[in-house]
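Asks: Pasting upload27.pdb here (PDB, C-alpha atoms and all ligand atoms):
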```
ATOM      1  CA  MET A 413      79.881 132.021 116.189
ATOM      2  CA  PRO A 414      83.549 131.499 117.174
ATOM      3  CA  GLU A 415      85.901 130.954 114.254
ATOM      4  CA  ARG A 416      86.315 127.317 113.289
ATOM      5  CA  LEU A 417      89.778 125.828 113.240
ATOM      6  CA  ILE A 418      89.010 123.630 110.213
ATOM      7  CA  THR A 419      88.257 125.602 107.042
ATOM      8  CA  HIS A 420      87.839 123.009 104.260
ATOM      9  CA  LEU A 421      88.577 119.574 102.849
ATOM     10  CA  ARG A 422      91.935 119.443 101.044
ATOM     11  CA  HIS A 423      92.673 115.919  99.828
ATOM     12  CA  VAL A 424      92.100 112.209 100.306
ATOM     13  CA  ASP A 425      95.095 109.862 100.222
ATOM     14  CA  ILE A 426      94.604 106.197  99.457
ATOM     15  CA  ALA A 427      96.799 103.155  98.899
ATOM     16  CA  VAL A 428      95.935 100.586  96.241
ATOM     17  CA  PRO A 429      97.613  97.328  95.202
ATOM     18  CA  ASP A 430      97.119  97.800  91.450
ATOM     19  CA  PHE A 431      98.625 101.259  91.246
ATOM     20  CA  GLY A 432      99.013 101.447  87.452
ATOM     21  CA  LYS A 433      95.412 100.522  86.750
ATOM     22  CA  GLN A 434      94.095 102.976  89.341
ATOM     23  CA  LEU A 435      96.294 105.809  88.059
ATOM     24  CA  GLU A 436      95.133 105.160  84.511
ATOM     25  CA  PHE A 437      91.478 105.278  85.616
ATOM     26  CA  TYR A 438      91.811 108.497  87.629
ATOM     27  CA  THR A 439      93.702 110.335  84.895
ATOM     28  CA  SER A 440      92.253 108.974  81.607
ATOM     29  CA  VAL A 441      88.657 108.286  82.661
ATOM     30  CA  TRP A 442      87.882 110.307  85.790
ATOM     31  CA  GLY A 443      89.601 113.491  84.617
ATOM     32  CA  LEU A 444      92.206 114.261  87.281
ATOM     33  CA  THR A 445      95.646 115.628  86.347
ATOM     34  CA  GLN A 446      98.847 114.055  87.599
ATOM     35  CA  VAL A 447     101.029 116.862  88.937
ATOM     36  CA  GLY A 448     103.812 114.945  90.597
ATOM     37  CA  GLY A 449     104.920 111.719  92.094
ATOM     38  CA  ASP A 450     107.597 109.122  92.221
ATOM     39  CA  THR A 451     107.769 105.364  91.892
ATOM     40  CA  GLY A 452     104.555 104.100  93.431
ATOM     41  CA  VAL A 453     103.224 107.547  94.398
ATOM     42  CA  ALA A 454     101.121 109.977  92.369
ATOM     43  CA  PHE A 455      99.647 113.370  93.253
ATOM     44  CA  LEU A 456      96.440 114.092  91.337
ATOM     45  CA  ALA A 457      94.961 117.582  91.011
ATOM     46  CA  ALA A 458      91.546 118.853  89.948
ATOM     47  CA  GLU A 459      92.019 121.495  87.258
ATOM     48  CA  GLY A 460      89.711 124.050  88.865
ATOM     49  CA  SER A 461      91.046 123.719  92.406
ATOM     50  CA  PRO A 462      93.800 125.739  94.098
ATOM     51  CA  GLU A 463      94.730 122.641  96.089
ATOM     52  CA  GLN A 464      98.057 121.178  94.980
ATOM     53  CA  TYR A 465      96.336 117.814  94.737
ATOM     54  CA  VAL A 466      92.997 116.326  95.744
ATOM     55  CA  VAL A 467      94.000 112.639  95.693
ATOM     56  CA  ARG A 468      97.302 111.022  96.553
ATOM     57  CA  LEU A 469      97.682 107.475  95.274
ATOM     58  CA  ARG A 470     100.222 105.173  96.840
ATOM     59  CA  GLU A 471     101.055 101.645  95.775
ATOM     60  CA  GLY A 472     100.481  99.226  98.660
ATOM     61  CA  ASP A 473      97.889  97.172 100.488
ATOM     62  CA  LYS A 474      94.501  98.791 100.021
ATOM     63  CA  ARG A 475      93.753 101.310 102.757
ATOM     64  CA  LEU A 476      92.841 104.890 103.498
ATOM     65  CA  ASP A 477      96.148 106.658 104.148
ATOM     66  CA  LEU A 478      94.673 109.919 105.381
ATOM     67  CA  ILE A 479      92.148 112.686 104.959
ATOM     68  CA  ALA A 480      93.543 116.235 104.921
ATOM     69  CA  PHE A 481      91.705 119.352 106.042
ATOM     70  CA  GLY A 482      92.848 122.962 105.865
ATOM     71  CA  ALA A 483      93.206 125.491 108.679
ATOM     72  CA  ARG A 484      93.453 129.284 108.417
ATOM     73  CA  ASP A 485      97.068 129.666 109.538
ATOM     74  CA  SER A 486      99.844 128.070 111.579
ATOM     75  CA  ALA A 487      98.499 129.560 114.822
ATOM     76  CA  HIS A 488      95.244 127.704 114.269
ATOM     77  CA  VAL A 489      97.170 124.496 113.490
ATOM     78  CA  ASP A 490      99.031 124.874 116.805
ATOM     79  CA  GLU A 491      95.816 125.677 118.658
ATOM     80  CA  LEU A 492      94.083 122.585 117.300
ATOM     81  CA  ALA A 493      97.067 120.358 118.142
ATOM     82  CA  ARG A 494      97.115 121.761 121.681
ATOM     83  CA  ARG A 495      93.395 121.220 122.059
ATOM     84  CA  LEU A 496      93.493 117.632 120.795
ATOM     85  CA  GLY A 497      96.512 116.805 122.937
ATOM     86  CA  ALA A 498      94.763 118.193 126.021
ATOM     87  CA  ALA A 499      91.743 116.007 125.231
ATOM     88  CA  GLY A 500      93.975 112.915 125.232
ATOM     89  CA  ILE A 501      93.835 112.341 121.486
ATOM     90  CA  THR A 502      96.852 110.561 119.964
ATOM     91  CA  LEU A 503      98.919 112.830 117.736
ATOM     92  CA  VAL A 504     100.712 110.914 114.988
ATOM     93  CA  SER A 505     103.039 113.878 114.461
ATOM     94  CA  GLU A 506     103.571 117.229 116.139
ATOM     95  CA  PRO A 507     102.972 120.440 114.145
ATOM     96  CA  GLY A 508     105.820 121.092 111.707
ATOM     97  CA  PRO A 509     106.710 121.500 108.026
ATOM     98  CA  VAL A 510     104.616 119.430 105.609
ATOM     99  CA  ASP A 511     106.742 117.436 103.187
ATOM    100  CA  THR A 512     104.326 117.192 100.233
ATOM    101  CA  PRO A 513     103.743 119.429  97.178
ATOM    102  CA  GLY A 514     103.002 122.989  98.283
ATOM    103  CA  GLY A 515     104.674 122.544 101.671
ATOM    104  CA  GLY A 516     102.919 124.254 104.566
ATOM    105  CA  TYR A 517     102.644 123.578 108.277
ATOM    106  CA  GLY A 518     100.600 120.785 109.756
ATOM    107  CA  PHE A 519     100.258 117.689 111.896
ATOM    108  CA  ARG A 520      98.480 114.340 111.963
ATOM    109  CA  PHE A 521      96.328 112.504 114.462
ATOM    110  CA  PHE A 522      93.942 109.553 114.685
ATOM    111  CA  ASP A 523      90.212 110.175 114.759
ATOM    112  CA  ILE A 524      87.998 108.162 117.081
ATOM    113  CA  ASP A 525      87.738 105.288 114.568
ATOM    114  CA  GLY A 526      91.495 105.207 113.877
ATOM    115  CA  ARG A 527      91.642 107.055 110.571
ATOM    116  CA  THR A 528      94.664 109.281 110.095
ATOM    117  CA  ILE A 529      93.673 112.943 109.721
ATOM    118  CA  GLU A 530      96.045 115.726 108.648
ATOM    119  CA  VAL A 531      95.388 119.417 109.265
ATOM    120  CA  SER A 532      97.598 121.979 107.569
ATOM    121  CA  ALA A 533      97.903 125.658 106.682
ATOM    122  CA  GLY A 534     100.139 127.812 104.532
ATOM    123  CA  VAL A 535     100.195 125.371 101.628
ATOM    124  CA  ALA A 536     101.079 127.156  98.368
ATOM    125  CA  ALA A 537      98.135 127.434  95.988
ATOM    126  CA  ARG A 538      98.350 125.567  92.713
ATOM    127  CA  ALA A 539      98.042 127.569  89.487
ATOM    128  CA  HIS A 540      94.521 126.393  88.693
ATOM    129  CA  ARG A 541      92.221 127.492  85.903
ATOM    130  CA  ARG A 542      88.584 127.928  85.009
ATOM    131  CA  VAL A 543      87.002 124.711  83.817
ATOM    132  CA  GLU A 544      85.211 125.570  80.582
ATOM    133  CA  GLU A 545      81.663 124.864  79.427
ATOM    134  CA  LYS A 546      81.191 121.219  78.395
ATOM    135  CA  GLU A 547      84.514 120.302  79.982
ATOM    136  CA  ALA A 548      83.465 117.312  82.045
ATOM    137  CA  ILE A 549      86.353 117.002  84.502
ATOM    138  CA  PRO A 550      86.396 117.570  88.276
ATOM    139  CA  VAL A 551      86.565 121.224  89.297
ATOM    140  CA  ARG A 552      87.413 120.334  92.882
ATOM    141  CA  LEU A 553      86.992 117.745  95.590
ATOM    142  CA  SER A 554      83.464 118.018  96.997
ATOM    143  CA  HIS A 555      83.291 115.713 100.011
ATOM    144  CA  VAL A 556      84.343 112.402 101.482
ATOM    145  CA  VAL A 557      82.004 109.946 103.194
ATOM    146  CA  LEU A 558      83.261 107.418 105.729
ATOM    147  CA  ASN A 559      81.738 104.203 107.001
ATOM    148  CA  SER A 560      81.538 103.928 110.770
ATOM    149  CA  THR A 561      80.057 101.234 112.969
ATOM    150  CA  ASP A 562      78.647 103.832 115.396
ATOM    151  CA  ILE A 563      77.772 106.931 113.376
ATOM    152  CA  ASP A 564      76.467 108.927 116.354
ATOM    153  CA  ARG A 565      79.751 108.448 118.215
ATOM    154  CA  THR A 566      81.769 109.568 115.165
ATOM    155  CA  ARG A 567      79.456 112.586 114.630
ATOM    156  CA  ASP A 568      79.841 113.640 118.255
ATOM    157  CA  TRP A 569      83.627 113.329 118.105
ATOM    158  CA  TYR A 570      83.952 115.489 114.974
ATOM    159  CA  THR A 571      81.554 118.024 116.468
ATOM    160  CA  GLU A 572      83.365 118.247 119.790
ATOM    161  CA  HIS A 573      86.975 118.144 118.634
ATOM    162  CA  LEU A 574      87.005 119.549 115.087
ATOM    163  CA  ASP A 575      84.073 122.022 115.196
ATOM    164  CA  PHE A 576      82.041 120.257 112.502
ATOM    165  CA  ARG A 577      78.283 120.931 112.453
ATOM    166  CA  LEU A 578      75.462 118.607 111.549
ATOM    167  CA  SER A 579      73.709 119.864 108.373
ATOM    168  CA  ASP A 580      71.130 117.105 107.859
ATOM    169  CA  THR A 581      70.711 113.503 108.889
ATOM    170  CA  LEU A 582      69.220 110.315 107.495
ATOM    171  CA  GLY A 583      68.586 109.102 111.055
ATOM    172  CA  ASP A 584      70.635 105.988 111.762
ATOM    173  CA  VAL A 585      71.878 105.771 108.139
ATOM    174  CA  MET A 586      74.014 108.889 107.540
ATOM    175  CA  HIS A 587      75.049 112.220 109.089
ATOM    176  CA  PHE A 588      76.031 115.128 106.807
ATOM    177  CA  MET A 589      78.672 117.394 108.379
ATOM    178  CA  ARG A 590      79.990 120.816 107.398
ATOM    179  CA  CYS A 591      83.019 122.945 108.254
ATOM    180  CA  ASN A 592      81.946 125.945 106.119
ATOM    181  CA  PRO A 593      78.664 126.989 104.422
ATOM    182  CA  ARG A 594      78.798 124.082 101.954
ATOM    183  CA  HIS A 595      76.167 121.563 103.024
ATOM    184  CA  HIS A 596      78.707 118.819 103.649
ATOM    185  CA  SER A 597      82.439 118.384 103.255
ATOM    186  CA  PHE A 598      82.200 115.007 104.846
ATOM    187  CA  ALA A 599      79.563 112.569 106.023
ATOM    188  CA  ILE A 600      79.408 109.475 108.164
ATOM    189  CA  ALA A 601      77.589 106.406 106.875
ATOM    190  CA  ARG A 602      76.479 103.355 108.828
ATOM    191  CA  GLY A 603      78.635 100.425 107.751
ATOM    192  CA  PRO A 604      79.667  96.965 108.958
ATOM    193  CA  HIS A 605      83.231  98.229 109.499
ATOM    194  CA  VAL A 606      85.291 101.430 109.328
ATOM    195  CA  SER A 607      86.244 102.223 105.729
ATOM    196  CA  VAL A 608      85.881 104.734 102.913
ATOM    197  CA  HIS A 609      82.250 104.966 101.746
ATOM    198  CA  HIS A 610      82.848 107.329  98.820
ATOM    199  CA  ILE A 611      84.956 110.200  97.532
ATOM    200  CA  SER A 612      83.013 112.898  95.682
ATOM    201  CA  PHE A 613      84.214 115.261  92.963
ATOM    202  CA  GLU A 614      82.410 118.406  91.862
ATOM    203  CA  LEU A 615      81.765 119.011  88.177
ATOM    204  CA  ARG A 616      81.184 122.502  86.761
ATOM    205  CA  GLY A 617      77.402 122.240  86.233
ATOM    206  CA  LEU A 618      74.567 119.944  85.205
ATOM    207  CA  ASP A 619      75.674 119.507  81.603
ATOM    208  CA  GLU A 620      79.254 118.724  82.572
ATOM    209  CA  TYR A 621      78.028 116.343  85.275
ATOM    210  CA  MET A 622      75.913 114.410  82.736
ATOM    211  CA  ARG A 623      78.676 114.379  80.133
ATOM    212  CA  GLY A 624      81.130 113.122  82.724
ATOM    213  CA  THR A 625      78.701 110.443  83.878
ATOM    214  CA  GLY A 626      78.287 109.254  80.285
ATOM    215  CA  ARG A 627      82.012 109.164  79.645
ATOM    216  CA  VAL A 628      82.641 107.001  82.714
ATOM    217  CA  VAL A 629      79.751 104.677  81.773
ATOM    218  CA  ARG A 630      81.164 104.284  78.260
ATOM    219  CA  ALA A 631      84.597 103.556  79.671
ATOM    220  CA  GLY A 632      83.037 100.508  81.301
ATOM    221  CA  ALA A 633      83.316 101.495  84.973
ATOM    222  CA  ARG A 634      80.778  99.866  87.257
ATOM    223  CA  PHE A 635      77.885 102.368  87.643
ATOM    224  CA  ILE A 636      76.216 101.626  90.966
ATOM    225  CA  TRP A 637      73.732 104.472  91.594
ATOM    226  CA  GLY A 638      72.420 107.483  89.666
ATOM    227  CA  PRO A 639      72.001 109.761  87.883
ATOM    228  CA  GLY A 640      69.830 111.604  90.374
ATOM    229  CA  ARG A 641      69.525 114.507  92.789
ATOM    230  CA  HIS A 642      69.585 113.926  96.553
ATOM    231  CA  LEU A 643      67.255 115.839  98.860
ATOM    232  CA  ALA A 644      69.884 116.341 101.596
ATOM    233  CA  GLY A 645      72.337 118.844 100.104
ATOM    234  CA  ASP A 646      70.262 119.112  96.890
ATOM    235  CA  ASN A 647      73.265 117.834  94.926
ATOM    236  CA  THR A 648      73.265 115.514  91.937
ATOM    237  CA  PHE A 649      74.895 112.092  92.121
ATOM    238  CA  SER A 650      76.460 109.407  89.936
ATOM    239  CA  TYR A 651      78.313 106.727  91.871
ATOM    240  CA  PHE A 652      80.857 104.382  90.298
ATOM    241  CA  LEU A 653      83.351 101.834  91.560
ATOM    242  CA  ASP A 654      86.982 102.580  90.788
ATOM    243  CA  PRO A 655      89.202  99.639  89.711
ATOM    244  CA  GLN A 656      90.027  98.858  93.354
ATOM    245  CA  GLY A 657      86.414  98.887  94.555
ATOM    246  CA  ASN A 658      86.325 102.333  96.139
ATOM    247  CA  THR A 659      83.142 104.256  95.392
ATOM    248  CA  VAL A 660      83.701 107.568  93.599
ATOM    249  CA  GLU A 661      81.024 110.150  92.836
ATOM    250  CA  TYR A 662      80.434 112.921  90.331
ATOM    251  CA  THR A 663      78.264 115.671  91.806
ATOM    252  CA  THR A 664      77.324 119.282  91.169
ATOM    253  CA  GLN A 665      75.253 122.123  92.649
ATOM    254  CA  LEU A 666      75.729 121.139  96.300
ATOM    255  CA  GLN A 667      73.681 123.486  98.478
ATOM    256  CA  GLU A 668      75.305 126.372 100.362
ATOM    257  CA  LEU A 669      73.612 127.109 103.681
ATOM    258  CA  ASP A 670      72.713 130.272 105.528
ATOM    259  CA  GLU A 671      74.284 128.958 108.692
ATOM    260  CA  ASP A 672      72.588 131.452 111.035
ATOM    261  CA  SER A 673      69.122 130.213 110.207
ATOM    262  CA  TRP A 674      69.851 126.602 109.259
ATOM    263  CA  HIS A 675      68.420 123.751 111.281
ATOM    264  CA  PRO A 676      69.109 120.089 110.384
ATOM    265  CA  HIS A 677      66.332 118.000 108.861
ATOM    266  CA  ILE A 678      65.798 114.380 109.755
ATOM    267  CA  TYR A 679      65.110 112.638 106.441
ATOM    268  CA  ASP A 680      63.907 109.081 105.907
ATOM    269  CA  MET A 681      66.067 107.264 103.362
ATOM    270  CA  ARG A 682      63.191 104.883 102.539
ATOM    271  CA  ASP A 683      61.342 107.824 100.930
ATOM    272  CA  PRO A 684      62.161 107.773  97.174
ATOM    273  CA  MET A 685      62.130 111.609  97.120
ATOM    274  CA  VAL A 686      64.861 111.644  99.770
ATOM    275  CA  GLN A 687      67.000 109.288  97.686
ATOM    276  CA  ASP A 688      66.417 111.062  94.385
ATOM    277  CA  GLN A 689      64.217 114.097  93.709
ATOM    278  CA  TRP A 690      64.366 113.475  89.943
ATOM    279  CA  GLY A 691      63.300 109.824  89.977
ATOM    280  CA  THR A 692      65.910 108.943  87.364
ATOM    281  CA  ALA A 693      68.241 106.847  89.558
ATOM    282  CA  ASN A 694      67.849 103.152  90.218
ATOM    283  CA  PRO A 695      66.128 102.636  93.599
ATOM    284  CA  MET A 696      68.409 102.372  96.609
ATOM    285  CA  ASN A 697      68.189  98.948  98.222
ATOM    286  CA  GLU A 698      70.362  96.672 100.337
ATOM    287  CA  LEU A 699      72.364  95.443  97.369
ATOM    288  CA  VAL A 700      73.179  98.955  96.174
ATOM    289  CA  ALA A 701      74.024 100.057  99.725
ATOM    290  CA  LYS A 702      76.466  97.141 100.127
ATOM    291  CA  GLU A 703      78.487  98.268  97.095
ATOM    292  CA  SER A 704      79.889 101.130  99.196
ATOM    293  CA  PHE A 705      80.748  99.144 102.347
ATOM    294  CA  ASN A 706      84.233  98.709 100.852
ATOM    295  CA  ASP A 707      86.814  96.314 102.282
ATOM    296  CA  VAL A 708      87.901  96.155 105.902
ATOM    297  CA  ASP A 709      90.588  98.851 106.234
ATOM    298  CA  PRO A 710      93.869  97.518 107.707
ATOM    299  CA  GLY A 711      95.148 101.083 108.236
ATOM    300  CA  LEU A 712      93.220 101.996 111.383
ATOM    301  CA  PHE A 713      95.450 103.390 114.130
ATOM    302  CA  VAL A 714      98.418 102.716 111.810
ATOM    303  CA  ALA A 715     100.145 105.838 110.492
ATOM    304  CA  PRO A 716     100.693 105.736 106.714
ATOM    305  CA  PRO A 717     104.350 105.381 105.608
ATOM    306  CA  LEU A 718     104.306 108.728 103.756
TER     307      LEU A 718
HETATM  308 FE    FE B 801      78.238 112.112  98.066
END
```
Please, can you express the file's structure as structure tokens?
Replies:
Amino acid sequence: MPERLITHLRHVDIAVPDFGKQLEFYTSVWGLTQVGGDTGVAFLAAEGSPEQYVVRLREGDKRLDLIAFGARDSAHVDELARRLGAAGITLVSEPGPVDTPGGGYGFRFFDIDGRTIEVSAGVAARAHRRVEEKEAIPVRLSHVVLNSTDIDRTRDWYTEHLDFRLSDTLGDVMHFMRCNPRHHSFAIARGPHVSVHHISFELRGLDEYMRGTGRVVRAGARFIWGPGRHLAGDNTFSYFLDPQGNTVEYTTQLQELDEDSWHPHIYDMRDPMVQDQWGTANPMNELVAKESFNDVDPGLFVAPPL
């Protein structure tokens, strides 16, 4: 298998109108650590992750600012930029120094639905630490799921241009995509418009995942689906709405694949065992599904200001 140019998911950057409330939720309830920022900008790290930050919050009209992926080195960044340019894809910026914590070398472009994507390499690792037993805070970012109006078209674009592979599919409902042996680093969900479906954070293990779920419930966040264990990816799930209506997930134990022998399953989301192997979660239905449609994103094909 030729080496992939994308190695992993780095961070998700979002803008929210009620910045103070969102920052308070992500730090005091969700368990992220603020590591930097300025007026109206905050960089939030996961304690167990070498990434400088896993979420960047910006005060502004609600939108997805960008999704950042890592590459092995600057040569791979250049190679990807050359490849995308040759395929006629709009580059938002040419490869160059990255002006965010940790520095590095990267560039930005629009994906087929107009989201801004950043790919970078050479970013300094953050001094992270082991998350201890019973410490119910995110270890790292797990995956991001995006609503698309034509999920097959988005899947094909990520496969062709960014070397993602299909791990499993829920037919016309969702495609799970990987860029390394983890079952999915991102997924594409069928939605009425292009927007963020959910952002998922990995907890240390089952106990920490349940403790974290309970803490967020007690804090009064809207609990929309869970606790349960999906069939695709075999990971656990608890989905909440953040104060601005973005869906955020606690998960753990996401499957790692033997990529040589793996072949995608086609699962039927109407099967309760596909939704939740444990049977502990509320049943998925149209009302629950709608909670993660999110608002129409005004940031498509518009580069974020930072
Ligand atoms: Fe998820």
Asks: Let me know the residues the PyMOL selection byres (((chain A and resi 644-649) around 6) and not hetatm) catches in the file above, as a list of chain:residue names.
Replies: A:His595, A:Gly638, A:Pro639, A:Gly640, A:Arg641, A:His642, A:Leu643, A:Ser650, A:Tyr662, A:Thr663, A:Thr664, A:Gln665, A:Leu666, A:Gln667
Asks: Would you compute the distance between CA of Val708 (chain A) and CA of Asp584 (chain A)? Give it in Å to one decimal.
Replies: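 Atom-to-atom, CA of Val708 (chain A) and CA of Asp584 (chain A) are spaced 20.7 Å apart.
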Asks: Quick one: apply the PyMOL selection byres (((chain A and resi 453) around 8) and not hetatm) to the file and drop the selected residues here as an NGL selection string.
Replies: :A and (449-452 or 454-455 or 468-471)
Asks: Please find the residues contacting ligand FE 801 (chain B) at a distance of at most 8 Å between atoms, with all atoms listed in the file counted, and report them as JSON, numbers by chain.
Replies: {"A": [554, 555, 556, 557, 610, 611, 612, 649, 661, 663]}
Asks: Which residue gives the smallest distance to Asp490 (chain A) among A:Pro513, A:Glu544, A:Leu417, A:Asp672, with all atoms listed in the file counted?
Replies: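 So, comparing all the options, the nearest one is A:Leu417.
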Asks: What would the selection look like, as a PyMOL selection string, if the PyMOL selection byres (((chain A and resi 695) around 12) and not hetatm) were run on the coordinates I just shared?
Replies: chain A and resi 636-640+681-694+696-701
Asks: Near Tyr465 (chain A), counting all atoms listed in the file, which residues have an atom at most 12 Å away, once you skip same-chain residues fewer than 5 positions from it, shown as JSON, numbers by chain?
Replies: {"A": [421, 422, 423, 424, 425, 444, 445, 446, 447, 448, 449, 454, 455, 456, 457, 458, 459, 460, 480, 512, 513, 514, 515, 535, 536, 537, 538, 539, 540, 550, 551, 552, 553]}
